[in-house]
Structures are given as C-alpha cells and as structure tokens.
$ cat my_file-v2.txt   # compact mmCIF, C-alpha atoms
# COMPACT_ATOMS: atom_id res chain seq x y z
CA MET A 23 -6.77 -62.67 -102.17
CA LYS A 24 -9.57 -64.43 -100.34
CA ALA A 25 -12.00 -61.58 -101.12
CA THR A 26 -11.22 -61.83 -104.84
CA LEU A 27 -11.92 -65.54 -104.87
CA SER A 28 -15.09 -65.10 -102.88
CA LEU A 29 -16.44 -62.35 -105.16
CA LYS A 30 -15.55 -64.51 -108.17
CA ILE A 31 -17.45 -67.42 -106.64
CA ILE A 32 -20.51 -65.19 -106.08
CA GLN A 33 -20.27 -63.92 -109.67
CA GLU A 34 -20.17 -67.47 -111.01
CA LYS A 35 -23.13 -68.50 -108.82
CA VAL A 36 -25.12 -65.49 -110.05
CA LYS A 37 -24.34 -66.29 -113.70
CA THR A 38 -25.71 -69.83 -113.35
CA CYS A 39 -28.49 -69.08 -110.85
CA LYS A 40 -31.86 -70.74 -111.39
CA LYS A 41 -33.48 -69.90 -108.01
CA CYS A 42 -36.43 -67.99 -109.51
CA ASP A 43 -38.36 -67.57 -112.76
CA LEU A 44 -36.21 -64.65 -113.94
CA CYS A 45 -33.58 -67.16 -115.10
CA GLY A 46 -36.00 -68.19 -117.86
CA THR A 47 -36.43 -64.69 -119.29
CA ARG A 48 -32.93 -63.24 -118.92
CA THR A 49 -30.21 -63.11 -121.55
CA ASN A 50 -27.47 -62.80 -118.93
CA ALA A 51 -27.48 -62.64 -115.16
CA VAL A 52 -25.73 -59.50 -113.93
CA PRO A 53 -23.42 -59.97 -110.93
CA GLY A 54 -22.00 -57.00 -109.09
CA LYS A 55 -18.79 -55.51 -110.40
CA GLY A 56 -16.09 -53.21 -109.15
CA ASN A 57 -13.39 -52.67 -106.59
CA GLN A 58 -13.26 -55.45 -103.99
CA ASN A 59 -11.79 -52.92 -101.51
CA ALA A 60 -14.38 -50.23 -102.26
CA ASP A 61 -15.38 -47.80 -99.53
CA ILE A 62 -18.76 -47.38 -101.25
CA ILE A 63 -21.16 -49.98 -102.66
CA PHE A 64 -23.91 -48.66 -104.94
CA ILE A 65 -27.04 -50.81 -105.00
CA GLY A 66 -29.65 -50.37 -107.72
CA GLU A 67 -32.93 -52.14 -108.39
CA ALA A 68 -32.31 -54.63 -111.21
CA PRO A 69 -30.53 -54.90 -114.55
CA GLY A 70 -32.05 -53.12 -117.53
CA LYS A 71 -31.95 -54.01 -121.22
CA ASN A 72 -28.26 -53.21 -121.84
CA GLU A 73 -27.16 -54.85 -118.61
CA ASP A 74 -29.10 -57.99 -119.54
CA LEU A 75 -27.45 -58.07 -122.97
CA TYR A 76 -23.89 -57.67 -121.70
CA GLY A 77 -24.04 -59.10 -118.16
CA GLU A 78 -22.64 -55.98 -116.52
CA PRO A 79 -24.32 -53.54 -114.08
CA PHE A 80 -25.12 -49.92 -114.95
CA ILE A 81 -23.79 -49.75 -118.50
CA GLY A 82 -26.79 -48.11 -120.18
CA THR A 83 -27.91 -44.49 -120.02
CA ALA A 84 -28.48 -44.67 -116.25
CA GLY A 85 -24.93 -46.01 -115.88
CA LYS A 86 -23.59 -43.03 -117.79
CA ARG A 87 -25.49 -40.73 -115.42
CA LEU A 88 -23.94 -42.53 -112.46
CA ASP A 89 -20.47 -42.28 -114.04
CA ASP A 90 -20.97 -38.51 -114.58
CA ALA A 91 -22.02 -38.02 -110.94
CA LEU A 92 -19.04 -40.08 -109.72
CA LYS A 93 -16.63 -38.10 -111.90
CA ASN A 94 -18.19 -34.83 -110.69
CA ALA A 95 -17.54 -35.95 -107.09
CA GLY A 96 -13.95 -37.04 -107.81
CA LEU A 97 -14.53 -40.81 -108.02
CA THR A 98 -14.25 -43.35 -110.80
CA ARG A 99 -16.24 -46.48 -111.45
CA ASN A 100 -13.07 -48.48 -110.70
CA SER A 101 -12.98 -47.12 -107.14
CA VAL A 102 -16.49 -48.32 -106.19
CA TYR A 103 -18.55 -51.51 -106.32
CA ILE A 104 -21.87 -51.55 -108.16
CA THR A 105 -24.59 -54.17 -107.82
CA ASN A 106 -28.37 -54.59 -107.75
CA ILE A 107 -31.04 -55.97 -105.42
CA VAL A 108 -31.98 -58.49 -108.15
CA LYS A 109 -29.35 -59.90 -110.50
CA CYS A 110 -31.60 -60.66 -113.52
CA ARG A 111 -33.75 -58.31 -115.56
CA PRO A 112 -37.45 -58.55 -114.75
CA PRO A 113 -39.62 -58.74 -117.90
CA LYS A 114 -40.45 -55.29 -119.34
CA ASN A 115 -38.29 -53.69 -116.62
CA ARG A 116 -41.00 -54.16 -114.01
CA ILE A 117 -40.14 -53.77 -110.32
CA PRO A 118 -38.80 -57.06 -108.89
CA ASN A 119 -41.28 -58.93 -106.71
CA ASP A 120 -40.63 -60.14 -103.16
CA VAL A 121 -39.78 -63.72 -104.24
CA GLU A 122 -37.20 -62.48 -106.74
CA LYS A 123 -35.67 -60.13 -104.18
CA SER A 124 -35.48 -62.85 -101.53
CA MET A 125 -33.81 -65.29 -103.97
CA CYS A 126 -31.03 -62.77 -104.65
CA ASN A 127 -30.73 -61.57 -101.06
CA GLU A 128 -27.94 -63.99 -100.11
CA TYR A 129 -25.77 -62.81 -103.02
CA LEU A 130 -26.17 -59.20 -101.91
CA LYS A 131 -25.44 -60.00 -98.25
CA ASP A 132 -22.29 -61.87 -99.31
CA GLU A 133 -21.11 -59.01 -101.53
CA ILE A 134 -21.55 -56.53 -98.67
CA ALA A 135 -19.84 -58.83 -96.15
CA ILE A 136 -16.81 -59.44 -98.39
CA ILE A 137 -16.31 -55.81 -99.42
CA ASN A 138 -17.28 -54.36 -96.02
CA PRO A 139 -17.75 -50.80 -97.33
CA LYS A 140 -17.79 -47.69 -95.20
CA ILE A 141 -21.05 -46.56 -96.88
CA ILE A 142 -23.77 -48.37 -98.85
CA CYS A 143 -25.54 -46.08 -101.32
CA LEU A 144 -29.11 -47.10 -102.11
CA LEU A 145 -30.12 -45.92 -105.58
CA GLY A 146 -33.87 -45.43 -105.72
CA ASN A 147 -37.03 -46.68 -104.05
CA THR A 148 -36.58 -50.44 -104.50
CA PRO A 149 -33.23 -50.74 -102.67
CA TYR A 150 -34.35 -48.16 -100.10
CA TYR A 151 -37.51 -50.12 -99.33
CA SER A 152 -35.91 -53.57 -99.62
CA ILE A 153 -33.00 -52.89 -97.28
CA LEU A 154 -34.25 -50.19 -94.92
CA GLY A 155 -38.03 -50.41 -95.25
CA GLY A 156 -37.99 -46.79 -96.42
CA LYS A 157 -40.47 -44.98 -98.64
CA GLU A 158 -40.63 -41.70 -100.52
CA ILE A 159 -37.14 -41.27 -101.89
CA SER A 160 -38.02 -37.72 -102.96
CA LYS A 161 -38.42 -36.73 -99.28
CA ASN A 162 -35.48 -38.77 -97.97
CA HIS A 163 -32.75 -38.49 -100.60
CA GLY A 164 -29.44 -37.15 -99.37
CA LYS A 165 -29.84 -38.73 -95.92
CA PHE A 166 -27.45 -40.99 -94.07
CA ILE A 167 -29.05 -43.80 -92.08
CA SER A 168 -27.33 -46.19 -89.67
CA LYS A 169 -28.66 -49.74 -89.32
CA ASP A 170 -27.01 -52.95 -88.10
CA ASN A 171 -23.59 -51.28 -87.73
CA ARG A 172 -23.68 -50.11 -91.36
CA MET A 173 -24.01 -46.63 -92.80
CA TYR A 174 -26.44 -46.18 -95.67
CA PHE A 175 -26.96 -43.22 -97.96
CA VAL A 176 -30.19 -42.75 -99.88
CA THR A 177 -30.51 -41.08 -103.27
CA PHE A 178 -32.43 -41.30 -106.51
CA HIS A 179 -31.80 -44.00 -109.07
CA PRO A 180 -29.76 -42.43 -111.88
CA ALA A 181 -32.52 -43.45 -114.34
CA ALA A 182 -34.78 -40.92 -112.59
CA THR A 183 -32.50 -38.17 -113.93
CA ILE A 184 -33.28 -39.30 -117.48
CA TYR A 185 -37.02 -38.86 -117.04
CA ASN A 186 -36.83 -35.78 -114.82
CA GLN A 187 -34.08 -33.36 -115.86
CA LYS A 188 -34.58 -31.35 -112.63
CA LEU A 189 -33.03 -34.28 -110.76
CA VAL A 190 -29.69 -34.20 -112.63
CA ASN A 191 -28.11 -31.63 -110.30
CA VAL A 192 -29.91 -33.03 -107.24
CA PHE A 193 -28.39 -36.46 -107.96
CA LYS A 194 -24.92 -35.00 -108.56
CA ASN A 195 -25.16 -33.00 -105.33
CA ASP A 196 -26.24 -36.11 -103.41
CA ILE A 197 -23.24 -38.08 -104.74
CA SER A 198 -20.92 -35.17 -103.83
CA LYS A 199 -22.41 -35.16 -100.31
CA LEU A 200 -21.78 -38.91 -100.10
CA VAL A 201 -18.13 -38.51 -101.11
CA LYS A 202 -17.60 -35.65 -98.61
CA LYS A 203 -18.96 -37.87 -95.82
CA LEU A 204 -16.65 -40.68 -96.92
CA GLN A 205 -13.65 -38.33 -96.80
CA LYS A 206 -14.66 -37.28 -93.26
CA LEU A 207 -14.96 -40.92 -92.19
CA LYS A 208 -11.52 -41.69 -93.61
CA THR A 209 -9.98 -38.63 -91.92
CA ASN A 210 -11.54 -39.54 -88.57
CA SER A 211 -10.35 -43.14 -88.76
CA VAL A 212 -6.76 -41.95 -89.33
CA ASP A 213 -6.78 -39.63 -86.31
$ encode --input "my_file-v2.txt" --output "structure tokens"
Amino acid sequence: MKATLSLKIIQEKVKTCKKCDLCGTRTNAVPGKGNQNADIIFIGEAPGKNEDLYGEPFIGTAGKRLDDALKNAGLTRNSVYITNIVKCRPPKNRIPNDVEKSMCNEYLKDEIAIINPKIICLLGNTPYYSILGGKEISKNHGKFISKDNRMYFVTFHPAATIYNQKLVNVFKNDISKLVKKLQKLKTNSVD
C-alpha cells in the first residue's frame, strides 16, 4: 500500500512540477505509469507529442512498437513500469539538456527505489548515456550491465524501429532476451 501512495505522490509532483523551463512549453507532464510491483522498468528519453497531449508515457507509434515487442516476448504493458528520463516534452522533440535531466532525476530515482525492479531497461541513447554514461547504442544493444547493485539492459528506443525498419526484429529480439534473463533470475531466486 505504501508503494502505491508513494508512486501517486510522485505522479502528482510531476504533474505540477515547475523545476525547469519545460513546464512552460508542455501541455501535460508525463509521470511514469505501470505495475508498482514490476520486475522490469523501461526508461525512455522524454515524452513525445501524443504523450504530451494525454499525459501518459509511450502511447504514440513508439509505444505501439514497445507493446508489440512486449507481447512478442510474453509480457503486457500492465506487467511492467514505463517512464522517461525527462517528464515533459522538450520543444520540437529535441534531446533533453543536462539541466532538464537533472531536474527530473529525483523523480526517476524515487520511481526506481519504490518499484525496486529486477532489471532496468534503457531505451535508446539518452537513458543509456544519462544513467550509465554509455555511448553507441548500436554497438551495445542487447547487453546487461551491473551498476550500483542494479541490473540494466540496453536496447534501442522503439522510435528507432519506425525510422529504420531493419531494427524491428533486432528490438523484438532484444526484448525477448531481456524477458529470458528475467525468467532465469526469478528461477534462481526460487531455488
């Protein structure tokens, strides 16, 4: 019950946040959404146009690509938690700057602490760089990385599959690999 209240508090704080200039250009802030007991948290870059309009993460075309990959791997959106590095849409969908990322950082840390997932999936270059200092997602996708007693998994942002059709199966395979690892972790923790 405590986790539900805490996530609700974070969501309300995000919706009324005025820590950076993005609050002046957004339609809606976009707090994370999903299962409070999720084994996997997916972290994207920032809300896009549809997310900004409706205040919900990953509901546009990229969200549909993520849903397809989840379904392909045997998961549903209701079984995971989805959030972004930055909770408001940057103008013209530009990459969030360091100030914007740092202003949202506490929200993200709190979401991760409350949910305490087995794996954190970083979708694309911005989360990969922001959280792990990584570069070149194309060379590092599909990898598991341990840092600060957390397991991270790196893959493409689902939007990349819209612009590069060759990545559709790569992304689906990465998500399947992620789910297989999760199943192994769950099996090993039961033993």
$ closest_residue --input "my_file-v2.txt" --among "A:Leu44, A:Val190, A:Met173, A:Ile141" --to "Val102 in chain A" --atoms "only C-alpha atoms"
A:Ile141
$ residues_around --input "my_file-v2.txt" --residues "Asn50 in chain A" --least-positions-apart "3" --cutoff "7 Å" --atoms "all atoms listed in the file" --output "MDAnalysis selection string"
chainID A and resid 74:77
$ atom_distance --input "my_file-v2.txt" --atom1 "CA of Gly146 in chain A" --atom2 "CA of Ser160 in chain A"
9.2 Å
$ closest_residue --input "my_file-v2.txt" --among "A:Lys140, A:Lys199, A:Lys71, A:His163" --to "Ser211 in chain A" --atoms "all atoms listed in the file"
A:Lys140
$ residues_around --input "my_file-v2.txt" --residues "Ala51 in chain A" --least-positions-apart "3" --cutoff "12 Å" --atoms "all atoms listed in the file" --output "number ranges by chain"
A: 32-42, 44-48, 54, 68-79, 105-106, 108-112, 126
$ atom_distance --input "my_file-v2.txt" --atom1 "CA of Lys30 in chain A" --atom2 "CA of Asp120 in chain A"
25.9 Å
$ closest_residue --input "my_file-v2.txt" --among "A:Asp89, A:Asp61, A:Asp132, A:Glu122" --to "Ser101 in chain A" --atoms "only C-alpha atoms"
A:Asp61
$ closest_residue --input "my_file-v2.txt" --among "A:Gln187, A:Asn138, A:Asn94, A:Asn115" --to "Leu200 in chain A" --atoms "only C-alpha atoms"
A:Asn94
$ closest_residue --input "my_file-v2.txt" --among "A:Ala135, A:Val176, A:Ile197, A:Ile81" --to "Lys157 in chain A" --atoms "all atoms listed in the file"
A:Val176
$ residues_near_point --input "my_file-v2.txt" --point "(-18.8, -38.2, -109.9)" --cutoff "12 Å" --atoms "only C-alpha atoms" --output "PyMOL selection string"
chain A and resi 85-102+180+190-191+193-202
$ write_last_selection --input "my_file-v2.txt" --atoms "C-alpha atoms" --output "PDB file, in the coordinates of the input"
ATOM      1  CA  GLY A  85     -24.930 -46.010-115.880  1.00  0.00           C
ATOM      2  CA  LYS A  86     -23.590 -43.030-117.790  1.00  0.00           C
ATOM      3  CA  ARG A  87     -25.490 -40.730-115.420  1.00  0.00           C
ATOM      4  CA  LEU A  88     -23.940 -42.530-112.460  1.00  0.00           C
ATOM      5  CA  ASP A  89     -20.470 -42.280-114.040  1.00  0.00           C
ATOM      6  CA  ASP A  90     -20.970 -38.510-114.580  1.00  0.00           C
ATOM      7  CA  ALA A  91     -22.020 -38.020-110.940  1.00  0.00           C
ATOM      8  CA  LEU A  92     -19.040 -40.080-109.720  1.00  0.00           C
ATOM      9  CA  LYS A  93     -16.630 -38.100-111.900  1.00  0.00           C
ATOM     10  CA  ASN A  94     -18.190 -34.830-110.690  1.00  0.00           C
ATOM     11  CA  ALA A  95     -17.540 -35.950-107.090  1.00  0.00           C
ATOM     12  CA  GLY A  96     -13.950 -37.040-107.810  1.00  0.00           C
ATOM     13  CA  LEU A  97     -14.530 -40.810-108.020  1.00  0.00           C
ATOM     14  CA  THR A  98     -14.250 -43.350-110.800  1.00  0.00           C
ATOM     15  CA  ARG A  99     -16.240 -46.480-111.450  1.00  0.00           C
ATOM     16  CA  ASN A 100     -13.070 -48.480-110.700  1.00  0.00           C
ATOM     17  CA  SER A 101     -12.980 -47.120-107.140  1.00  0.00           C
ATOM     18  CA  VAL A 102     -16.490 -48.320-106.190  1.00  0.00           C
ATOM     19  CA  PRO A 180     -29.760 -42.430-111.880  1.00  0.00           C
ATOM     20  CA  VAL A 190     -29.690 -34.200-112.630  1.00  0.00           C
ATOM     21  CA  ASN A 191     -28.110 -31.630-110.300  1.00  0.00           C
ATOM     22  CA  PHE A 193     -28.390 -36.460-107.960  1.00  0.00           C
ATOM     23  CA  LYS A 194     -24.920 -35.000-108.560  1.00  0.00           C
ATOM     24  CA  ASN A 195     -25.160 -33.000-105.330  1.00  0.00           C
ATOM     25  CA  ASP A 196     -26.240 -36.110-103.410  1.00  0.00           C
ATOM     26  CA  ILE A 197     -23.240 -38.080-104.740  1.00  0.00           C
ATOM     27  CA  SER A 198     -20.920 -35.170-103.830  1.00  0.00           C
ATOM     28  CA  LYS A 199     -22.410 -35.160-100.310  1.00  0.00           C
ATOM     29  CA  LEU A 200     -21.780 -38.910-100.100  1.00  0.00           C
ATOM     30  CA  VAL A 201     -18.130 -38.510-101.110  1.00  0.00           C
ATOM     31  CA  LYS A 202     -17.600 -35.650 -98.610  1.00  0.00           C
TER      32      LYS A 202
END
$ atom_distance --input "my_file-v2.txt" --atom1 "CA of Leu204 in chain A" --atom2 "CA of Lys55 in chain A"
20.2 Å
$ residues_near_point --input "my_file-v2.txt" --point "(-14.5, -54.5, -98.8)" --cutoff "10 Å" --atoms "only C-alpha atoms" --output "list in words"
Ala25, Asn57, Gln58, Asn59, Ala60, Asp61, Ile62, Ile63, Val102, Tyr103, Glu133, Ile134, Ala135, Ile136, Ile137, Asn138, Pro139 and Lys140 of chain A
$ residues_around --input "my_file-v2.txt" --residues "His179 in chain A" --least-positions-apart "2" --cutoff "7 Å" --atoms "only C-alpha atoms" --output "list in words"
Gly66, Leu145, Gly146, Thr177, Ala181 and Ala182 of chain A
$ closest_residue --input "my_file-v2.txt" --among "A:Asp170, A:Glu67, A:Leu29, A:Ala84" --to "Ile117 in chain A" --atoms "only C-alpha atoms"
A:Glu67
